[in-house]
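*Asks:* Structure: final.cif, mmCIF, C-alpha atoms and all ligand atoms.
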```cif
data_input
loop_
_atom_site.label_atom_id
_atom_site.label_comp_id
_atom_site.auth_asym_id
_atom_site.auth_seq_id
_atom_site.Cartn_x
_atom_site.Cartn_y
_atom_site.Cartn_z
CA MET A 203 -1.65 4.98 -6.42
CA ASN A 204 0.84 2.18 -6.74
CA LYS A 205 1.36 -1.02 -4.83
CA ASN A 206 4.67 0.33 -3.48
CA PHE A 207 2.89 3.03 -1.51
CA TRP A 208 3.73 1.45 1.87
CA LYS A 209 7.32 0.73 0.89
CA ASN A 210 7.92 4.25 -0.45
CA ILE A 211 6.21 6.38 2.19
CA PRO A 212 8.77 8.00 4.57
CA LYS A 213 9.42 6.08 7.79
CA PRO A 214 8.51 5.92 10.55
CA ILE A 215 4.88 5.81 9.44
CA ILE A 216 2.74 7.41 12.14
CA GLY A 217 -1.00 7.33 12.02
CA LEU A 218 -4.42 7.52 13.59
CA ALA A 219 -5.81 4.00 14.20
CA PRO A 220 -9.19 3.19 12.64
CA MET A 221 -11.85 3.60 15.33
CA ASP A 222 -15.54 3.18 14.77
CA GLY A 223 -17.37 6.23 16.11
CA TYR A 224 -14.16 8.30 16.30
CA SER A 225 -11.92 8.24 13.22
CA ASP A 226 -14.45 9.97 10.97
CA SER A 227 -13.51 12.62 8.43
CA ALA A 228 -13.70 15.52 10.91
CA PHE A 229 -11.43 13.89 13.50
CA ARG A 230 -9.00 12.68 10.84
CA ARG A 231 -8.73 16.26 9.55
CA ILE A 232 -8.16 17.53 13.07
CA CYS A 233 -5.30 15.07 13.63
CA LYS A 234 -3.82 16.00 10.23
CA THR A 235 -3.99 19.67 11.21
CA VAL A 236 -1.73 18.90 14.17
CA ASN A 237 0.66 16.84 12.03
CA PRO A 238 0.15 16.83 8.24
CA ASN A 239 2.56 13.90 7.87
CA ILE A 240 0.42 11.28 9.57
CA ILE A 241 -1.67 8.71 7.75
CA THR A 242 -5.27 8.07 8.70
CA VAL A 243 -7.67 5.15 8.28
CA THR A 244 -11.46 5.34 8.06
CA GLU A 245 -13.82 3.65 10.49
CA PHE A 246 -14.44 0.05 9.43
CA THR A 247 -17.07 -0.26 6.73
CA SER A 248 -18.89 -3.37 5.57
CA ALA A 249 -17.90 -4.83 2.19
CA ASP A 250 -21.32 -6.50 1.99
CA GLY A 251 -22.93 -3.14 2.72
CA LEU A 252 -20.94 -1.43 -0.03
CA HIS A 253 -21.91 -4.22 -2.40
CA HIS A 254 -25.63 -4.14 -1.65
CA ASN A 255 -26.27 -0.57 -0.62
CA ARG A 256 -23.45 1.50 -1.96
CA LYS A 257 -25.13 4.88 -1.52
CA ILE A 258 -25.59 4.78 2.25
CA LEU A 259 -22.16 3.39 3.07
CA LYS A 260 -20.35 5.62 0.60
CA GLN A 261 -21.52 8.43 2.83
CA LYS A 262 -19.65 6.86 5.77
CA LEU A 263 -16.47 6.74 3.68
CA GLN A 264 -16.54 10.38 2.52
CA PHE A 265 -13.28 12.21 3.07
CA HIS A 266 -11.82 15.66 2.46
CA PRO A 267 -8.98 15.95 -0.11
CA SER A 268 -6.70 17.43 2.57
CA GLU A 269 -6.80 14.11 4.42
CA GLN A 270 -4.71 12.26 1.86
CA PRO A 271 -3.16 9.77 2.14
CA VAL A 272 -6.29 8.23 3.64
CA ILE A 273 -6.92 4.49 3.76
CA ALA A 274 -10.37 2.89 3.62
CA GLN A 275 -10.92 0.06 6.07
CA ILE A 276 -13.29 -2.68 4.96
CA PHE A 277 -14.57 -5.76 6.75
CA GLY A 278 -16.32 -8.86 5.43
CA LYS A 279 -15.66 -12.42 4.33
CA ASN A 280 -16.88 -12.55 0.75
CA GLU A 281 -14.52 -12.12 -2.20
CA GLU A 282 -17.21 -10.78 -4.51
CA THR A 283 -18.37 -8.06 -2.11
CA PHE A 284 -14.76 -7.16 -1.31
CA ILE A 285 -14.08 -6.62 -5.00
CA THR A 286 -17.11 -4.31 -5.32
CA ALA A 287 -15.97 -2.47 -2.19
CA ALA A 288 -12.48 -2.09 -3.68
CA LYS A 289 -13.95 -0.56 -6.84
CA VAL A 290 -15.91 1.93 -4.74
CA CYS A 291 -12.72 2.85 -2.85
CA GLU A 292 -10.85 3.28 -6.12
CA GLU A 293 -13.59 5.52 -7.53
CA MET A 294 -13.59 7.60 -4.37
CA GLY A 295 -9.84 8.20 -4.63
CA PHE A 296 -8.57 6.40 -1.53
CA SER A 297 -4.81 5.81 -1.22
CA GLY A 298 -5.21 2.24 -0.06
CA ILE A 299 -7.53 -0.42 1.31
CA ASP A 300 -7.12 -2.02 4.72
CA ILE A 301 -8.86 -5.28 5.58
CA ASN A 302 -10.13 -5.53 9.13
CA MET A 303 -9.12 -8.85 10.69
CA GLY A 304 -9.10 -7.60 14.26
CA CYS A 305 -12.57 -6.43 15.27
CA PRO A 306 -13.69 -8.39 18.36
CA SER A 307 -17.30 -7.16 18.53
CA LYS A 308 -19.75 -10.03 19.11
CA LYS A 309 -21.86 -9.19 16.07
CA VAL A 310 -18.84 -9.03 13.76
CA VAL A 311 -17.25 -12.23 15.09
CA LYS A 312 -20.56 -14.10 14.92
CA SER A 313 -20.81 -13.23 11.22
CA GLU A 314 -17.25 -14.62 10.83
CA HIS A 315 -15.86 -11.19 9.98
CA GLY A 316 -13.10 -9.20 11.69
CA VAL A 317 -10.90 -11.21 14.07
CA ALA A 318 -12.86 -14.39 13.19
CA LEU A 319 -10.70 -14.51 10.05
CA ARG A 320 -7.73 -15.37 12.29
CA LYS A 321 -9.31 -18.81 12.60
CA LYS A 322 -9.65 -19.09 8.80
CA PRO A 323 -6.22 -18.43 7.28
CA ASP A 324 -7.27 -19.87 3.89
CA LEU A 325 -10.17 -17.48 3.59
CA ALA A 326 -8.09 -14.58 4.94
CA ALA A 327 -5.44 -15.20 2.26
CA LYS A 328 -8.11 -15.57 -0.45
CA LEU A 329 -9.61 -12.18 0.42
CA VAL A 330 -6.20 -10.52 0.28
CA GLU A 331 -5.46 -12.18 -3.05
CA ALA A 332 -8.84 -11.17 -4.48
CA LEU A 333 -8.17 -7.53 -3.61
CA ALA A 334 -4.50 -7.61 -4.59
CA THR A 335 -5.38 -8.83 -8.08
CA ASN A 336 -8.54 -6.81 -8.65
CA THR A 337 -7.51 -3.33 -7.63
CA HIS A 338 -4.50 -1.14 -8.28
CA LEU A 339 -4.68 0.15 -4.69
CA PRO A 340 -2.19 -1.16 -2.10
CA ILE A 341 -3.73 -3.68 0.30
CA SER A 342 -3.01 -3.82 4.01
CA VAL A 343 -4.38 -5.90 6.85
CA LYS A 344 -4.93 -4.87 10.45
CA THR A 345 -5.18 -7.76 12.85
CA ARG A 346 -4.30 -8.83 16.39
CA LEU A 347 -1.62 -11.06 17.90
CA GLY A 348 -4.00 -14.00 17.66
CA TRP A 349 -7.07 -15.52 19.23
CA SER A 350 -5.81 -16.21 22.76
CA ASN A 351 -2.04 -16.20 22.15
CA ALA A 352 0.46 -15.20 19.46
CA ASP A 353 1.33 -18.77 18.40
CA ASN A 354 0.28 -18.51 14.75
CA LEU A 355 1.10 -14.82 14.23
CA ILE A 356 4.17 -15.39 12.03
CA PRO A 357 2.74 -18.07 9.68
CA PHE A 358 -0.54 -16.15 9.39
CA CYS A 359 1.17 -12.90 8.40
CA LYS A 360 3.63 -14.60 6.04
CA ARG A 361 0.63 -16.17 4.33
CA LEU A 362 -0.99 -12.74 3.89
CA GLU A 363 2.26 -11.36 2.49
CA SER A 364 2.44 -14.21 -0.07
CA ALA A 365 -1.21 -13.54 -0.97
CA GLY A 366 -0.30 -9.95 -1.91
CA ALA A 367 -0.61 -7.84 1.25
CA ASN A 368 1.53 -4.69 0.97
CA MET A 369 1.55 -3.79 4.69
CA ILE A 370 0.43 -5.36 7.95
CA CYS A 371 -0.52 -3.62 11.17
CA ILE A 372 -0.71 -5.62 14.37
CA HIS A 373 -2.70 -4.53 17.40
CA ALA A 374 -0.44 -6.13 19.99
CA ARG A 375 -3.21 -7.74 22.01
CA THR A 376 -5.09 -11.00 21.45
CA TYR A 377 -8.81 -11.29 20.73
CA LYS A 378 -9.34 -12.41 24.33
CA GLU A 379 -7.65 -9.34 25.80
CA PRO A 380 -9.57 -6.14 26.48
CA TYR A 381 -8.32 -2.78 25.17
CA ASN A 382 -6.78 -1.77 28.50
CA VAL A 383 -4.36 -4.65 29.18
CA PRO A 384 -0.68 -3.98 28.36
CA ALA A 385 0.12 -4.59 24.70
CA GLN A 386 2.88 -7.13 23.92
CA TRP A 387 5.05 -5.54 21.26
CA GLU A 388 7.87 -8.11 21.56
CA HIS A 389 5.89 -10.45 19.25
CA LEU A 390 5.89 -7.73 16.60
CA TYR A 391 9.66 -7.28 16.70
CA GLU A 392 10.04 -11.00 16.08
CA LEU A 393 7.42 -10.99 13.31
CA LYS A 394 9.23 -8.15 11.52
CA GLU A 395 12.27 -10.41 11.08
CA HIS A 396 10.10 -12.73 8.95
CA LEU A 397 8.41 -10.17 6.67
CA ASN A 398 9.57 -8.15 3.67
CA ILE A 399 6.62 -5.74 3.72
CA PRO A 400 6.26 -2.83 6.18
CA LEU A 401 4.90 -3.73 9.61
CA LEU A 402 3.17 -1.22 11.89
CA GLY A 403 2.62 -1.67 15.60
CA ASN A 404 -0.42 -0.59 17.54
CA GLY A 405 -1.67 -0.88 21.10
CA GLY A 406 -1.14 1.15 24.25
CA VAL A 407 0.85 4.03 22.73
CA THR A 408 0.45 6.88 25.24
CA SER A 409 2.46 9.69 23.61
CA TYR A 410 4.43 10.52 20.47
CA SER A 411 7.75 9.69 22.14
CA ASP A 412 6.29 6.49 23.61
CA GLY A 413 5.45 5.40 20.04
CA ILE A 414 8.96 6.26 18.86
CA ASN A 415 10.45 4.33 21.80
CA LYS A 416 8.32 1.29 20.99
CA LEU A 417 9.34 1.28 17.31
CA ASN A 418 12.49 -0.84 17.53
CA ASN A 419 12.72 -2.53 14.07
CA LEU A 420 9.12 -1.69 13.02
CA ASP A 421 8.12 0.68 10.22
CA GLY A 422 5.70 2.75 12.24
CA PHE A 423 2.82 2.85 14.69
CA LEU A 424 -0.85 3.79 14.93
CA ILE A 425 -2.37 5.50 17.97
CA GLY A 426 -5.92 4.73 19.06
CA GLN A 427 -7.54 5.61 22.36
CA ALA A 428 -4.84 8.06 23.47
CA THR A 429 -6.03 10.41 20.71
CA PHE A 430 -9.45 10.88 22.36
CA GLY A 431 -9.58 14.53 23.35
CA ASN A 432 -5.91 14.75 22.43
CA PRO A 433 -5.18 15.06 18.69
CA TRP A 434 -2.11 17.07 19.85
CA ILE A 435 -0.55 13.68 20.63
CA PHE A 436 0.65 13.77 17.01
CA ASP A 437 2.78 16.86 17.69
CA PRO A 438 6.39 15.59 17.49
CA LEU A 439 7.46 18.46 19.78
CA GLU A 440 4.97 17.36 22.45
CA ARG A 441 4.07 20.96 23.33
CA LYS A 442 1.80 21.35 26.35
CA LEU A 443 -1.14 23.60 25.45
CA SER A 444 -3.59 25.45 27.65
CA MET A 445 -7.33 25.10 27.04
CA THR A 446 -7.29 28.57 25.49
CA GLU A 447 -4.59 27.48 23.05
CA LYS A 448 -6.65 24.39 22.22
CA TYR A 449 -9.88 26.37 21.69
CA ASP A 450 -9.56 27.06 17.95
CA LEU A 451 -8.90 23.45 17.00
CA ILE A 452 -11.74 22.13 19.17
CA ILE A 453 -14.12 24.57 17.49
CA LYS A 454 -12.78 23.53 14.08
CA HIS A 455 -13.53 19.93 15.06
CA ALA A 456 -17.14 20.85 15.87
CA GLU A 457 -17.46 22.87 12.64
CA TRP A 458 -16.09 20.07 10.46
CA LEU A 459 -18.25 17.44 12.15
CA ILE A 460 -21.37 19.57 11.65
CA GLU A 461 -20.34 20.37 8.06
CA HIS A 462 -19.85 16.65 7.38
CA LYS A 463 -22.82 15.14 9.22
CA GLY A 464 -25.32 17.99 9.54
CA GLU A 465 -26.18 20.07 12.59
CA GLN A 466 -28.25 17.49 14.47
CA VAL A 467 -25.96 14.48 14.14
CA GLY A 468 -22.77 16.59 14.23
CA THR A 469 -23.78 18.32 17.47
CA ARG A 470 -24.78 15.03 19.07
CA GLU A 471 -21.50 13.37 18.05
CA ILE A 472 -19.22 16.24 19.12
CA ARG A 473 -20.43 15.91 22.72
CA LYS A 474 -18.34 12.80 23.48
CA HIS A 475 -15.28 14.56 22.01
CA LEU A 476 -15.94 17.67 24.13
CA LEU A 477 -16.05 15.51 27.26
CA ALA A 478 -12.72 14.01 26.23
CA TYR A 479 -11.24 17.47 25.54
CA VAL A 480 -11.93 18.61 29.12
CA LYS A 481 -10.86 15.34 30.77
CA GLY A 482 -8.36 15.97 33.54
CA ILE A 483 -8.74 19.75 33.74
CA PRO A 484 -9.66 21.33 37.11
CA GLY A 485 -13.45 21.34 37.49
CA ALA A 486 -13.92 18.84 34.62
CA ARG A 487 -16.92 17.18 36.24
CA GLN A 488 -18.88 20.44 36.41
CA TYR A 489 -17.94 21.30 32.80
CA ARG A 490 -18.89 17.86 31.54
CA SER A 491 -22.42 18.23 32.89
CA LYS A 492 -22.80 21.36 30.69
CA LEU A 493 -21.07 19.98 27.62
CA VAL A 494 -23.34 16.93 27.35
CA TYR A 495 -26.22 19.31 26.62
CA VAL A 496 -24.70 21.56 23.94
CA ASN A 497 -27.24 22.14 21.18
CA ASP A 498 -25.50 23.95 18.37
CA LEU A 499 -22.22 25.56 17.37
CA ASN A 500 -22.92 28.82 19.25
CA ASP A 501 -23.66 26.85 22.37
CA ILE A 502 -20.38 24.95 21.96
CA LYS A 503 -18.41 28.18 21.46
CA HIS A 504 -20.07 29.80 24.45
CA SER A 505 -19.53 26.82 26.77
CA LEU A 506 -15.90 26.40 25.75
CA SER A 507 -15.00 30.07 26.03
CA THR A 508 -16.58 30.16 29.49
CA ILE A 509 -14.37 27.20 30.45
CA CYS A 510 -11.29 28.91 29.00
CA ASN A 511 -12.04 32.16 30.84
CA GLU A 512 -12.58 30.38 34.14
CA LEU A 513 -9.35 28.42 33.76
CA GLU A 514 -7.41 31.58 32.87
CA CYS A 515 -8.88 33.34 35.95
CA GLN A 516 -7.86 30.42 38.16
CA LEU A 517 -4.34 30.72 36.78
CA GLN A 518 -4.21 34.42 37.58
CA VAL A 519 -5.41 34.05 41.19
C1 LIG A 601 -13.99 2.86 20.10
C2 LIG A 601 -13.06 2.00 19.28
C3 LIG A 601 -13.41 1.67 17.99
C4 LIG A 601 -12.55 0.87 17.21
N1 LIG A 601 -12.87 0.62 15.90
C5 LIG A 601 -11.99 -0.06 15.12
C6 LIG A 601 -12.22 -0.22 13.72
O1 LIG A 601 -13.22 0.25 13.16
N2 LIG A 601 -11.29 -0.91 13.00
C7 LIG A 601 -10.15 -1.43 13.57
O2 LIG A 601 -9.33 -2.05 12.89
N3 LIG A 601 -9.90 -1.28 14.88
C8 LIG A 601 -10.78 -0.59 15.65
N4 LIG A 601 -10.48 -0.36 16.97
C9 LIG A 601 -9.17 -0.80 17.50
C10 LIG A 601 -8.13 0.32 17.35
O3 LIG A 601 -7.84 0.58 16.00
C11 LIG A 601 -6.82 -0.09 18.04
O4 LIG A 601 -6.35 -1.27 17.44
C12 LIG A 601 -7.01 -0.33 19.53
O5 LIG A 601 -7.76 0.70 20.13
C13 LIG A 601 -5.65 -0.46 20.22
O6 LIG A 601 -4.91 0.73 20.11
P1 LIG A 601 -4.79 1.74 21.36
O7 LIG A 601 -4.33 0.91 22.53
O8 LIG A 601 -3.83 2.78 20.91
O9 LIG A 601 -6.17 2.27 21.60
C14 LIG A 601 -11.33 0.40 17.76
C15 LIG A 601 -11.00 0.73 19.08
C16 LIG A 601 -11.83 1.53 19.83
C17 LIG A 601 -11.43 1.89 21.24
#
```
Rewrite the structure of this file - the entire thing - as structure tokens.
Ligand SMILES: Cc1cc2nc3c(=O)[nH]c(=O)nc-3n(C[C@H](O)[C@H](O)[C@H](O)COP(=O)(O)O)c2cc1C
*Replies:*
Amino acid sequence: MNKNFWKNIPKPIIGLAPMDGYSDSAFRRICKTVNPNIITVTEFTSADGLHHNRKILKQKLQFHPSEQPVIAQIFGKNEETFITAAKVCEEMGFSGIDINMGCPSKKVVKSEHGVALRKKPDLAAKLVEALATNTHLPISVKTRLGWSNADNLIPFCKRLESAGANMICIHARTYKEPYNVPAQWEHLYELKEHLNIPLLGNGGVTSYSDGINKLNNLDGFLIGQATFGNPWIFDPLERKLSMTEKYDLIIKHAEWLIEHKGEQVGTREIRKHLLAYVKGIPGARQYRSKLVYVNDLNDIKHSLSTICNELECQLQV
């Protein structure tokens, strides 16, 4: 994989945002089934963890060959552990490495990882440089507008570009802003005028056409929360599907999650997705109370086909 990956990939670049607890291999494959042209990013994974306990965390980074191009997202603050992590990602066959400089979780910020790096531009640039010079994989950074405003967004990103970043993705909210406040994409359009590397926007995209409308001069966008229960958001034709038409893909999701994580963990983790899949349909509350108790794949199939049948009957009345 060469450093020009982000420059050469067809534009606009459209992808699934990295989301801990959601963008695992099974969900990434599901989104790629809807649109094989999207890119996906893994859940964030600790560079220190990969350095000290490679075996356990490698498991978290597993991906299926059909997911390519898939990008590994790493967080940390230590050059040495980042370099080990990069080697692991190279060995595993990832198409690129993304450095997380946006995570606002208390634990991550307290350890001076994630968005805390926005307050340490020297260290942030050093980490990018360490990866850029020690791996042949392209390096990207995903960060936010800033800590409480976008004042240093342009100098910060230009610094990362000089340090060797090949792409930057900005979640158009500050660290202080929760995930549900409107994203401010105008800062990204201005930033793009100052960069030579591709810039992706992220934050508040509600549909495929909404993402396209927000693009302006940017090279692409990532969608996060709006994919929950709705991988079909990546369908450029924005077809409206019935629950029955969605059935096969939802079952595939359950099968891939169970295949990847085992029956016990896979079944437990599919429940939150099932609740998202039925969100907004008539009688959702009653269905949710059943879906939170599904125990295995047969149970999932049975519950979902019951829901589909009931919805079809309602349509025919
Ligand atoms: C549950 C959840 C987990 C997330 N985990 C990560 C992560 O691991 N790495 C990351 O860079 N961003 C993470 N994010 C942020 C998303 O990638 C994205 O920037 C954010 O949700 C804004 O996009 P949206 O408005 O389309 O959801 C997470 C967001 C959510 C809601």
*Asks:* Show me, as a list in words, the residues that have an atom within 12 Å of Asp353 (chain A) when counting all atoms listed in the file, minus same-chain residues fewer than 3 positions from it.
*Replies:*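 Once the nearby chain positions are removed, what remains is Arg320, Arg346, Leu347, Gly348, Trp349, Ser350, Ile356, Pro357, Phe358, Cys359, Thr376, His389, Glu392 and Leu393 of chain A.
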*Asks:* Please write the residues from the selection above to a file, keeping C-alpha atoms, as an mmCIF file, in the frame of the given file.
*Replies:*
```cif
data_model
loop_
_atom_site.group_PDB
_atom_site.id
_atom_site.type_symbol
_atom_site.label_atom_id
_atom_site.label_comp_id
_atom_site.auth_asym_id
_atom_site.auth_seq_id
_atom_site.Cartn_x
_atom_site.Cartn_y
_atom_site.Cartn_z
ATOM 1 C CA ARG A 320 -7.730 -15.370 12.290
ATOM 2 C CA ARG A 346 -4.300 -8.830 16.390
ATOM 3 C CA LEU A 347 -1.620 -11.060 17.900
ATOM 4 C CA GLY A 348 -4.000 -14.000 17.660
ATOM 5 C CA TRP A 349 -7.070 -15.520 19.230
ATOM 6 C CA SER A 350 -5.810 -16.210 22.760
ATOM 7 C CA ILE A 356 4.170 -15.390 12.030
ATOM 8 C CA PRO A 357 2.740 -18.070 9.680
ATOM 9 C CA PHE A 358 -0.540 -16.150 9.390
ATOM 10 C CA CYS A 359 1.170 -12.900 8.400
ATOM 11 C CA THR A 376 -5.090 -11.000 21.450
ATOM 12 C CA HIS A 389 5.890 -10.450 19.250
ATOM 13 C CA GLU A 392 10.040 -11.000 16.080
ATOM 14 C CA LEU A 393 7.420 -10.990 13.310
#
```
*Asks:* Within 10 Å of (-23.9, 15.1, 24.8) in the file's own coordinates, which protein, DNA or RNA residues have an atom, counting all atoms listed in the file? List them as a PyMOL selection string.
*Replies:* chain A and resi 469-477+490-497
*Asks:* Between A:Asn432, A:Gln275, A:Thr337, A:Gln466, which residue has the minimum interatomic distance to ligand LIG 601 (chain A), considering only C-alpha atoms and all ligand atoms?
*Replies:*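 Selected residue with least distance to ligand LIG 601 (chain A): A:Gln275.
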*Asks:* Here is a test: counting all atoms listed in the file, which residue of A:Cys305, A:Leu401, A:Leu439, A:Leu417 is nearest to Lys378 (chain A)?
*Replies:* A:Cys305
*Asks:* Neighbouring residues of ligand LIG 601 (chain A) are defined here as those with any atom at most 9 Å from a ligand atom, counting only C-alpha atoms and all ligand atoms; list them as a PyMOL selection string.
*Replies:* chain A and resi 218-225+243-247+275-277+300-306+316+343-346+371-375+381-385+404-408+424-429
*Asks:* Leaving out His253 (chain A) and any residue of its chain fewer than 5 positions from it, which residues lie within 10 Å of it when counting only C-alpha atoms, given as a PyMOL selection string?
*Replies:* chain A and resi 248+259+282-290
*Asks:* So how far away is CA of Gln264 (chain A) from CA of Val317 (chain A), in Å?
*Replies:* 25.1 Å
*Asks:* What does the structure give for the distance between CA of Ile502 (chain A) and CA of Glu447 (chain A), in Å to one decimal?
*Replies:*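 Straight-line distance from CA of Ile502 (chain A) to CA of Glu447 (chain A) works out to 16.0 Å.
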*Asks:* Would you mind telling me which residue in A:Gly422, A:Gly278, A:Gly298, A:Pro267 lies nearest to Leu319 (chain A) when using only C-alpha atoms?
*Replies:* A:Gly278
*Asks:* Find the spatial neighbours of Phe423 (chain A), counting only C-alpha atoms, within a cut-off of 6 Å - ignore same-chain residues fewer than 2 positions away - and output them as a compact mmCIF listing (two decimals) with C-alpha atoms, in the frame of the given file.
*Replies:*
```
# COMPACT_ATOMS: atom_id res chain seq x y z
CA ILE A 216 2.74 7.41 12.14
CA LEU A 402 3.17 -1.22 11.89
CA GLY A 403 2.62 -1.67 15.60
CA ASN A 404 -0.42 -0.59 17.54
```
*Asks:* For a test of reading the model, state the distance in Å between CA of Ser227 (chain A) and CA of Ile460 (chain A), rounded to one decimal.
*Replies:*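 For CA of Ser227 (chain A) relative to CA of Ile460 (chain A), the distance reads 11.0 Å.
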*Asks:* With all atoms listed in the file as the basis for distance, which of A:His396, A:Leu443, A:Phe436, A:Ile299 is at the shortest distance from Asn368 (chain A)?
*Replies:*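 Nearest to Asn368 (chain A): A:Ile299.
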*Asks:* Give the answer as one residue: which of A:Ala274, A:Asp437, A:Glu457, A:Trp387 has the shortest atom-to-atom distance to Tyr410 (chain A), using all atoms listed in the file?
*Replies:*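 Among A:Ala274, A:Asp437, A:Glu457, A:Trp387, it is A:Asp437 that comes nearest to Tyr410 (chain A).
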*Asks:* Given 5 Å on each side, where is the centre and what are the edge lengths in Å to one decimal of the axis-aligned box enclosing the listed atoms of region 415-418 of chain A, as AutoDock Vina command-line options?
*Replies:*
```
--center_x 10.4 --center_y 1.7 --center_z 19.6 --size_x 14.2 --size_y 15.2 --size_z 14.5
```
*Asks:* Just the residues within 12 Å of Asp450 (chain A), please, counting all atoms listed in the file, with nothing from its chain fewer than 3 positions along; format it as a PyMOL selection string.
*Replies:* chain A and resi 232+235-236+443-447+453-457+502-503+506-507+510
*Asks:* Considering all atoms listed in the file, state which residue in the set A:Leu459, A:Ala367, A:Leu362, A:Ala332 is at the smallest distance from Arg230 (chain A).
*Replies:* A:Leu459
